[in-house]
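Trainee: Have a look at this one.
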Amino acid sequence: MQHQTLIDVLESNRRVDRNVRHLIGEHEERVVPYAELYERAVGILWHLQKLGAQRGDKLIVFLNDNEQFLDGFWAALAGGIVPVPLAVGIADEHRHKLLRIAKRLGDPFLYTDRKNLERLKAFAATVGEGPTFAKLERRAFVVDDLEDISQAGRTVQPGPDDVAFIQFSSGSTSEPKGVVLTHRNILANTRGATVAANFNEGDVSLSWMPLTHDMGLIGKHLFMLANRIENLLMPTELFIRRPLLWTTFATRYGATVLSSPNFGYRHYLKVLGERPLDGVDLSRVRVIFNGAEPISVELCDEFVARLAPRGLRKSAMFPVYGLAEATLAVSFPALGTEYSSITVDRHRLGVGESARAVEASHRDALALMAVGRPIPGTEVRIAAEDRSALPDGTVGHLLIRGENVTKGYYELPEVNARTITPDGWLDTGDLGLVRDGHLYITGRAKEIIFVNGQNYYPHDLEAIAQRASGLELGKVVATGCRPRGAETDELTIFVLHRGDLAEFLPVAAEVSRLVNEHAGLEVAHVVPVKRIPKTTSGKIQRVALETAFVDGEFDVEMAELRRLREAAASAGDGVAAGGGVAGRLRAIVENALPGRQIGVEDNLFEIGASSLTLIQIHEEIDKVYPNLVDLTELFDYPTIAQLSAHLESKLR
């Protein structure tokens with residue numbers, strides 16, 4: 001594989017008998033041969049160039065549909081235009097992020113559909129960003145208007161060090177950081193990952209990961225394309241609604257390479273429950289990547305054990321480490337080996353400390369998954385505060401270096417100077433250790449919260465939560481806590497409160513609602529605290545709060561809040577739902593949120609309905625009332641009473 005650019009890859013595959021197969025339903029698919037990828041790209045490029053796009057311009061790709069997304073992505077690359085993939089999502093965060101990035105990019109083009117363009121326009125008007133949208137709209141290409149792609153645009157042959165695309169981090173109220181990736185970065189990582197995972201033309205890859213995510217776009221499309229592998233893409237939304245189709249498709253097409261972060265395995269197992277897996281055969285699966293967020297050893301054990309009777313080998317589970325700054329992949333385990341872990345004292349993981357092994361039954365035991373060795377072409381260093389190398393078994397900052405590693409973030413010279421050393425070592429912001437050659441990730445030096453495979457900045461969520469009545473900056477702290485026995489981090493928000501706990505209930509409800517509504521995230525716990533611990537320089541000590549919560553210091557307050565909440569629910573349930581439309585909707589919501597007492601006036605965002613839960617609720621509503629309620633209308637009518645009234649008006 002001696003390609004120098006992604007365009008080399010695209011052109012060399014014009015005579016290859018492989019496909020990108022879009023699995024858009026259980027019995028519905030669209031097949032795009034590799035050869036057609038090129039023809040469609042240059043045909044759409046003609047339209048982009050007619051709009052005025054030139055080499056070096058930026059093109060925001062903002063689409064739900066995987067097929068349309070790839071059309072726009074490859075069309076941009078074919079013309080030397082720099083694609084900037086952004087997730088559409090269902091929350092305000094995603095639209096706000098697009099507008100902020102558009103301003104950062106200067107005068108970008110936009111590749112989207114009419115529905116998302118109209119929603120973006122409406123949102124921009126509500127947040128005072130009308131001028132930003134108007135500027136963007138003038139350079140927008142709406143895919144609904146695309147009819148003829150028979151005329152080819154003027155293709156550009158980029159150099160290896162030209163920018164291929166920019167991948168922006170999460171960020172709603174802060175400035176998202178754009179990881180700049182060159183063709184050299186991407187193909188260097190492709191070569192290293194290919195050797196480490198033995199990708200070959202006999203493989204069949206199946207993915208439900210979003211193409212706006214580095215694992216979805218690079219790992220499950222670009223890596224596959226470069227190795228001439230049959231590329232099956234399942235929409236993320238379809239996986240969320242019907243996760244069991246994942247293994248149905250894997251069986252039907254004989255998939256050999258799968259992938260998912262923690263939350264995907266957990267979601268699959270939750271829906272699977274105790275039902276049989278008749279007709280599922282995973283014996284051909286040789287690698288199932290597990291990455292994108294901290295890896296739970298217990299969840300891997302449960303998933304493998306549950307699917308072992310259907311042919312899934314334990315050695316197929318492939319825990320890996322990577323990040324956008326490395327293009328994607330940093331370390332892979334050895335093929336054909338069963339995953340392994342170590343158990344250490346969670347309180348002995350400071351920089352420069354030697355990790356202390358403990359028994360799994362120890363009160364402070366923390367299981368760390370081995371995520372393999374550096375792939376070919378990538379170097380790893382565990383470093384002290386001064387970035388000097390630390391010995392094996394010692395916790396330190398995780399630095400990486402190689403041709404696959406970005407040279408910097410888009411137009412952030414100060415951040416680049418802090419993050420990347422003159423000799424090319426990039427600080428990932430993660431902490432880890434190496435033992436017997438294997439890498440283990442121990443925590444995060446940079447304050448990022450991992451939820452559902454995505455990373456969020458605490459101050460973004462704090463800025464949203466502080467809109468609650470009586471709150472202000474410094475009185476709210478967002479963290480990702482992992483209680484003992486939990487499989488993943490849980491979004492936990494600490495709020496300064498010195499009054500009566502009964503007075504805290506509406507504050508907690510408003511904080512949950514705001515974060516759910518604006519960021520699409522479920523708040524697991526809102527915790528009242530009498531003080532916010534800070535350093536002498538005024539920096540919030542999030543780790544101190546996380547440790548106190550995990551150690552049970554707030555158990556009494558949390559138990560009392562649960563009692564007060566249950567008493568309030570029993571005393572007054574709002575308007576009785578009864579039968580009819582409201583009764584049906586209430587049954588759907590209660591089924592999606594088991595164990596909750598839900599009144600028809602309860603706001604879905606206040607009672608913990610995450611984006612994932614909303615999609616499940618919408619799917620069930622659509623079964624009873626087909627095509628009458630749009631997913632986004634759950635944001636406009638967030639109570640059962642409001643939604644039932646809206647639905648009844650449509651039924652009339």
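As shown in the structure tokens, the chain order sets the letters A, B, ...; within each chain, residues go from 1, and ligands are also counted from 1 in the order they appear.
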Find the residues near Ser205 in chain A: any atom within 12 Å, counting only C-alpha atoms, skip ones fewer than 6 places away on the same chain, and give them as a PyMOL selection string.
Mentor: chain A and resi 18-22+199+216+219-225+227-234+246+249-251+253-259+284-289
Trainee: Could you please take those selected residues and save N, CA and C atoms as a short mmCIF file (atom, residue, chain, number, x, y, z; two decimals), in the first residue's frame?
Mentor:
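As written to disk, selection05.cif reads:
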```cif
data_model
loop_
_atom_site.label_atom_id
_atom_site.label_comp_id
_atom_site.auth_asym_id
_atom_site.auth_seq_id
_atom_site.Cartn_x
_atom_site.Cartn_y
_atom_site.Cartn_z
N ARG A 18 -15.44 -4.14 -5.01
CA ARG A 18 -15.86 -4.01 -3.62
C ARG A 18 -16.88 -2.89 -3.54
N ASN A 19 -17.62 -2.84 -2.43
CA ASN A 19 -18.71 -1.88 -2.30
C ASN A 19 -18.71 -1.20 -0.94
N VAL A 20 -19.32 -0.03 -0.93
CA VAL A 20 -19.81 0.55 0.31
C VAL A 20 -21.30 0.22 0.34
N ARG A 21 -21.70 -0.57 1.32
CA ARG A 21 -23.07 -1.07 1.38
C ARG A 21 -23.79 -0.37 2.54
N HIS A 22 -24.78 0.46 2.22
CA HIS A 22 -25.51 1.21 3.23
C HIS A 22 -26.73 0.41 3.68
N PHE A 199 -5.43 -6.22 8.39
CA PHE A 199 -6.53 -5.97 7.46
C PHE A 199 -6.16 -6.55 6.10
N GLY A 216 -15.43 6.02 13.27
CA GLY A 216 -16.36 5.72 12.19
C GLY A 216 -15.81 6.10 10.83
N GLY A 219 -11.37 4.80 10.93
CA GLY A 219 -11.18 3.38 11.22
C GLY A 219 -12.09 2.46 10.43
N LYS A 220 -13.34 2.88 10.21
CA LYS A 220 -14.31 1.97 9.60
C LYS A 220 -14.71 2.36 8.18
N HIS A 221 -14.06 3.39 7.63
CA HIS A 221 -14.27 3.69 6.21
C HIS A 221 -12.94 3.84 5.48
N LEU A 222 -12.11 4.80 5.91
CA LEU A 222 -10.87 5.05 5.18
C LEU A 222 -9.90 3.87 5.27
N PHE A 223 -9.75 3.29 6.48
CA PHE A 223 -8.89 2.10 6.60
C PHE A 223 -9.40 0.98 5.70
N MET A 224 -10.71 0.82 5.66
CA MET A 224 -11.31 -0.27 4.88
C MET A 224 -11.14 -0.02 3.38
N LEU A 225 -11.36 1.21 2.98
CA LEU A 225 -11.23 1.56 1.57
C LEU A 225 -9.79 1.34 1.09
N ASN A 227 -7.69 -0.72 2.12
CA ASN A 227 -7.35 -2.14 2.06
C ASN A 227 -8.32 -2.94 1.20
N ARG A 228 -9.19 -2.23 0.46
CA ARG A 228 -10.12 -2.87 -0.47
C ARG A 228 -10.99 -3.92 0.21
N ILE A 229 -11.57 -3.48 1.31
CA ILE A 229 -12.41 -4.35 2.14
C ILE A 229 -13.88 -3.97 1.92
N GLU A 230 -14.75 -4.97 1.83
CA GLU A 230 -16.19 -4.71 1.72
C GLU A 230 -16.63 -3.91 2.94
N ASN A 231 -17.27 -2.76 2.68
CA ASN A 231 -17.51 -1.76 3.72
C ASN A 231 -19.01 -1.62 3.99
N LEU A 232 -19.50 -2.20 5.09
CA LEU A 232 -20.91 -2.15 5.45
C LEU A 232 -21.13 -1.06 6.49
N LEU A 233 -22.04 -0.14 6.20
CA LEU A 233 -22.32 0.97 7.10
C LEU A 233 -23.79 0.95 7.52
N MET A 234 -24.00 0.87 8.82
CA MET A 234 -25.33 0.86 9.41
C MET A 234 -25.55 2.22 10.09
N TRP A 246 -27.47 -5.29 14.56
CA TRP A 246 -26.01 -5.30 14.40
C TRP A 246 -25.50 -6.72 14.18
N PHE A 249 -26.97 -8.35 10.90
CA PHE A 249 -26.21 -7.98 9.71
C PHE A 249 -24.85 -8.67 9.68
N ALA A 250 -24.20 -8.76 10.85
CA ALA A 250 -22.89 -9.43 10.91
C ALA A 250 -23.00 -10.87 10.44
N THR A 251 -24.10 -11.52 10.82
CA THR A 251 -24.33 -12.90 10.41
C THR A 251 -24.63 -12.98 8.91
N TYR A 253 -23.92 -11.02 6.40
CA TYR A 253 -22.85 -10.66 5.45
C TYR A 253 -21.50 -11.28 5.80
N GLY A 254 -21.45 -12.07 6.87
CA GLY A 254 -20.19 -12.71 7.25
C GLY A 254 -19.13 -11.72 7.67
N ALA A 255 -19.51 -10.74 8.50
CA ALA A 255 -18.58 -9.70 8.93
C ALA A 255 -17.42 -10.31 9.72
N THR A 256 -16.23 -9.78 9.46
CA THR A 256 -15.02 -10.22 10.18
C THR A 256 -14.48 -9.14 11.10
N VAL A 257 -14.84 -7.88 10.85
CA VAL A 257 -14.32 -6.76 11.64
C VAL A 257 -15.50 -5.90 12.11
N LEU A 258 -15.67 -5.79 13.43
CA LEU A 258 -16.71 -4.98 14.05
C LEU A 258 -16.06 -3.96 14.98
N SER A 259 -16.87 -3.04 15.52
CA SER A 259 -16.33 -2.09 16.49
C SER A 259 -17.46 -1.45 17.28
N ARG A 284 -17.28 -15.91 12.29
CA ARG A 284 -16.34 -15.32 11.33
C ARG A 284 -15.68 -14.05 11.88
N VAL A 285 -16.23 -13.49 12.95
CA VAL A 285 -15.67 -12.25 13.50
C VAL A 285 -14.30 -12.54 14.11
N ARG A 286 -13.26 -11.89 13.58
CA ARG A 286 -11.92 -12.11 14.11
C ARG A 286 -11.45 -10.93 14.97
N VAL A 287 -12.04 -9.74 14.74
CA VAL A 287 -11.67 -8.55 15.52
C VAL A 287 -12.92 -7.74 15.79
N ILE A 288 -13.14 -7.38 17.06
CA ILE A 288 -14.22 -6.47 17.41
C ILE A 288 -13.60 -5.36 18.25
N PHE A 289 -13.32 -4.24 17.60
CA PHE A 289 -12.62 -3.13 18.25
C PHE A 289 -13.45 -2.58 19.41
#
```
Trainee: When you look at Glu557 in chain A with a cut-off of 10 Å (counting only C-alpha atoms), what residues show up, excluding the ones that are within fewer than 3 positions of it in the same chain? I need them as a list in words.
Mentor: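 Skipping anything fewer than 3 positions along the chain leaves Leu501, Val527, Pro528, Val529, Glu553, Phe554, Glu560, Leu561, Arg562 and Arg563 of chain A.
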Trainee: Can you work out the spacing between CA of Leu272 in chain A and CA of Arg306 in chain A in Å, to one decimal?
Mentor: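 CA of Leu272 in chain A sits 9.6 Å away from CA of Arg306 in chain A.
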Trainee: Within 7 Å of range 84-101 of chain A, counting only C-alpha atoms, which residues qualify if same-chain residues fewer than 6 places away don't, as JSON, numbers by chain?
Mentor: {"A": [58, 59, 60, 61, 62, 63, 64, 120, 132, 165, 166, 167, 171, 172, 212, 517, 518, 519, 520, 632]}
Trainee: With N, CA and C atoms retained, write the just-selected residues as an mmCIF file, in the first residue's frame.
Mentor:
```cif
data_model
loop_
_atom_site.group_PDB
_atom_site.id
_atom_site.type_symbol
_atom_site.label_atom_id
_atom_site.label_comp_id
_atom_site.auth_asym_id
_atom_site.auth_seq_id
_atom_site.Cartn_x
_atom_site.Cartn_y
_atom_site.Cartn_z
ATOM 1 N N LYS A 58 -12.839 25.649 3.004
ATOM 2 C CA LYS A 58 -13.370 24.699 3.984
ATOM 3 C C LYS A 58 -14.838 24.408 3.650
ATOM 4 N N LEU A 59 -15.220 23.140 3.811
ATOM 5 C CA LEU A 59 -16.596 22.711 3.553
ATOM 6 C C LEU A 59 -17.116 21.957 4.771
ATOM 7 N N ILE A 60 -18.063 22.558 5.490
ATOM 8 C CA ILE A 60 -18.693 21.866 6.615
ATOM 9 C C ILE A 60 -19.674 20.835 6.056
ATOM 10 N N VAL A 61 -19.500 19.578 6.435
ATOM 11 C CA VAL A 61 -20.392 18.498 6.004
ATOM 12 C C VAL A 61 -21.322 18.183 7.164
ATOM 13 N N PHE A 62 -22.614 18.469 6.999
ATOM 14 C CA PHE A 62 -23.581 18.456 8.095
ATOM 15 C C PHE A 62 -24.811 17.672 7.665
ATOM 16 N N LEU A 63 -24.711 16.338 7.751
ATOM 17 C CA LEU A 63 -25.767 15.459 7.244
ATOM 18 C C LEU A 63 -25.924 14.235 8.132
ATOM 19 N N ASN A 64 -27.157 13.752 8.248
ATOM 20 C CA ASN A 64 -27.413 12.498 8.955
ATOM 21 C C ASN A 64 -27.148 11.288 8.073
ATOM 22 N N LEU A 120 -31.256 24.889 11.434
ATOM 23 C CA LEU A 120 -30.117 25.718 11.804
ATOM 24 C C LEU A 120 -30.504 27.193 11.754
ATOM 25 N N THR A 132 -24.435 35.294 11.306
ATOM 26 C CA THR A 132 -23.540 34.161 11.047
ATOM 27 C C THR A 132 -24.204 33.174 10.101
ATOM 28 N N PHE A 165 -8.484 16.789 6.013
ATOM 29 C CA PHE A 165 -9.702 17.300 6.630
ATOM 30 C C PHE A 165 -9.405 17.744 8.058
ATOM 31 N N ILE A 166 -10.362 18.429 8.661
ATOM 32 C CA ILE A 166 -10.230 18.938 10.026
ATOM 33 C C ILE A 166 -11.331 18.315 10.863
ATOM 34 N N GLN A 167 -10.932 17.733 11.992
ATOM 35 C CA GLN A 167 -11.911 17.122 12.888
ATOM 36 C C GLN A 167 -11.977 17.926 14.177
ATOM 37 N N GLY A 171 -17.693 20.708 21.966
ATOM 38 C CA GLY A 171 -17.592 22.033 22.555
ATOM 39 C C GLY A 171 -18.793 22.866 22.187
ATOM 40 N N SER A 172 -19.538 23.341 23.194
ATOM 41 C CA SER A 172 -20.707 24.161 22.900
ATOM 42 C C SER A 172 -20.472 25.599 23.328
ATOM 43 N N THR A 212 -18.973 11.086 11.583
ATOM 44 C CA THR A 212 -18.370 12.298 12.138
ATOM 45 C C THR A 212 -17.415 11.970 13.276
ATOM 46 N N GLU A 517 -31.586 19.231 27.953
ATOM 47 C CA GLU A 517 -32.195 19.948 26.840
ATOM 48 C C GLU A 517 -31.155 20.552 25.904
ATOM 49 N N HIS A 518 -30.086 21.091 26.474
ATOM 50 C CA HIS A 518 -29.121 21.821 25.655
ATOM 51 C C HIS A 518 -27.930 20.982 25.206
ATOM 52 N N ALA A 519 -27.614 19.920 25.929
ATOM 53 C CA ALA A 519 -26.466 19.096 25.541
ATOM 54 C C ALA A 519 -26.869 17.679 25.169
ATOM 55 N N GLY A 520 -28.131 17.322 25.402
ATOM 56 C CA GLY A 520 -28.582 15.981 25.042
ATOM 57 C C GLY A 520 -27.999 14.897 25.921
ATOM 58 N N THR A 632 -37.494 15.871 16.853
ATOM 59 C CA THR A 632 -37.179 17.181 17.426
ATOM 60 C C THR A 632 -38.369 17.795 18.160
#
```
Trainee: Compile the contact shell of Glu546 in chain A as a PyMOL selection string: residues with an atom at most 9 Å away, counting only C-alpha atoms, same-chain residues fewer than 4 positions apart removed.
Mentor: chain A and resi 479-482+492+542+550-551
Trainee: Just N, CA and C atoms for this one: save the residues we selected as an mmCIF file, in the first residue's frame.
Mentor:
```
data_model
loop_
_atom_site.group_PDB
_atom_site.id
_atom_site.type_symbol
_atom_site.label_atom_id
_atom_site.label_comp_id
_atom_site.auth_asym_id
_atom_site.auth_seq_id
_atom_site.Cartn_x
_atom_site.Cartn_y
_atom_site.Cartn_z
ATOM 1 N N THR A 479 -18.552 16.642 36.571
ATOM 2 C CA THR A 479 -17.504 15.630 36.539
ATOM 3 C C THR A 479 -18.061 14.324 35.969
ATOM 4 N N GLY A 480 -17.156 13.432 35.646
ATOM 5 C CA GLY A 480 -17.537 12.069 35.275
ATOM 6 C C GLY A 480 -17.110 11.134 36.384
ATOM 7 N N CYS A 481 -18.050 10.714 37.205
ATOM 8 C CA CYS A 481 -17.754 9.817 38.329
ATOM 9 C C CYS A 481 -18.076 8.378 37.938
ATOM 10 N N ARG A 482 -17.265 7.466 38.410
ATOM 11 C CA ARG A 482 -17.550 6.050 38.187
ATOM 12 C C ARG A 482 -17.707 5.366 39.544
ATOM 13 N N THR A 492 -22.030 13.567 36.703
ATOM 14 C CA THR A 492 -22.396 13.971 38.058
ATOM 15 C C THR A 492 -22.129 15.463 38.205
ATOM 16 N N ARG A 542 -11.737 19.037 40.905
ATOM 17 C CA ARG A 542 -12.787 18.092 40.519
ATOM 18 C C ARG A 542 -12.518 16.693 41.066
ATOM 19 N N VAL A 550 -17.486 8.962 45.271
ATOM 20 C CA VAL A 550 -17.281 7.514 45.138
ATOM 21 C C VAL A 550 -17.080 6.872 46.506
ATOM 22 N N ASP A 551 -16.442 7.603 47.441
ATOM 23 C CA ASP A 551 -16.193 7.062 48.781
ATOM 24 C C ASP A 551 -17.411 7.129 49.691
#
```
Trainee: Do you know which residues are at most 10 Å from Glu490 in chain A counting only C-alpha atoms, after dropping those on the same chain fewer than 4 positions away, and could you put them as a count of residues only?
Mentor: 14
Trainee: From a backbone DSSP assignment, name each residue in range 336-424 of chain A labelled strand (DSSP E), as a list in words.
Mentor: Ser341, Ile342, Thr343, Val344, Asp345, Ala365, Leu366, Ala367, Leu368, Met369, Arg373, Pro374, Thr378, Glu379, Val380, Arg381, Ile382, Ala383, Gly396, His397, Leu398, Leu399, Ile400, Arg401 and Gly402 of chain A
Trainee: To one decimal place in Å, what is the distance between CA of Arg401 in chain A and CA of Val380 in chain A?
Mentor: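 One can read the CA of Arg401 in chain A to CA of Val380 in chain A distance as 6.7 Å.
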Trainee: Which residues come within 9 Å of Ile342 in chain A, counting only C-alpha atoms, excluding same-chain residues fewer than 3 positions away, as a list in words?
Mentor: Ala357, Val358, Leu366, Ala367, Leu368, Met369, Ala370 and Tyr440 of chain A
Trainee: Residues within 12 Å of Asp423 in chain A, please, as a PyMOL selection string. Count only C-alpha atoms; anything in the same chain fewer than 2 positions from it doesn't count.
Mentor: chain A and resi 387+399-402+407+417+419-421+425-426
Trainee: Would you please give, as a count of residues only, all residues of range 489-553 of chain A that DSSP assigns to helix (DSSP H, G or I) based on the backbone?
Mentor: 28
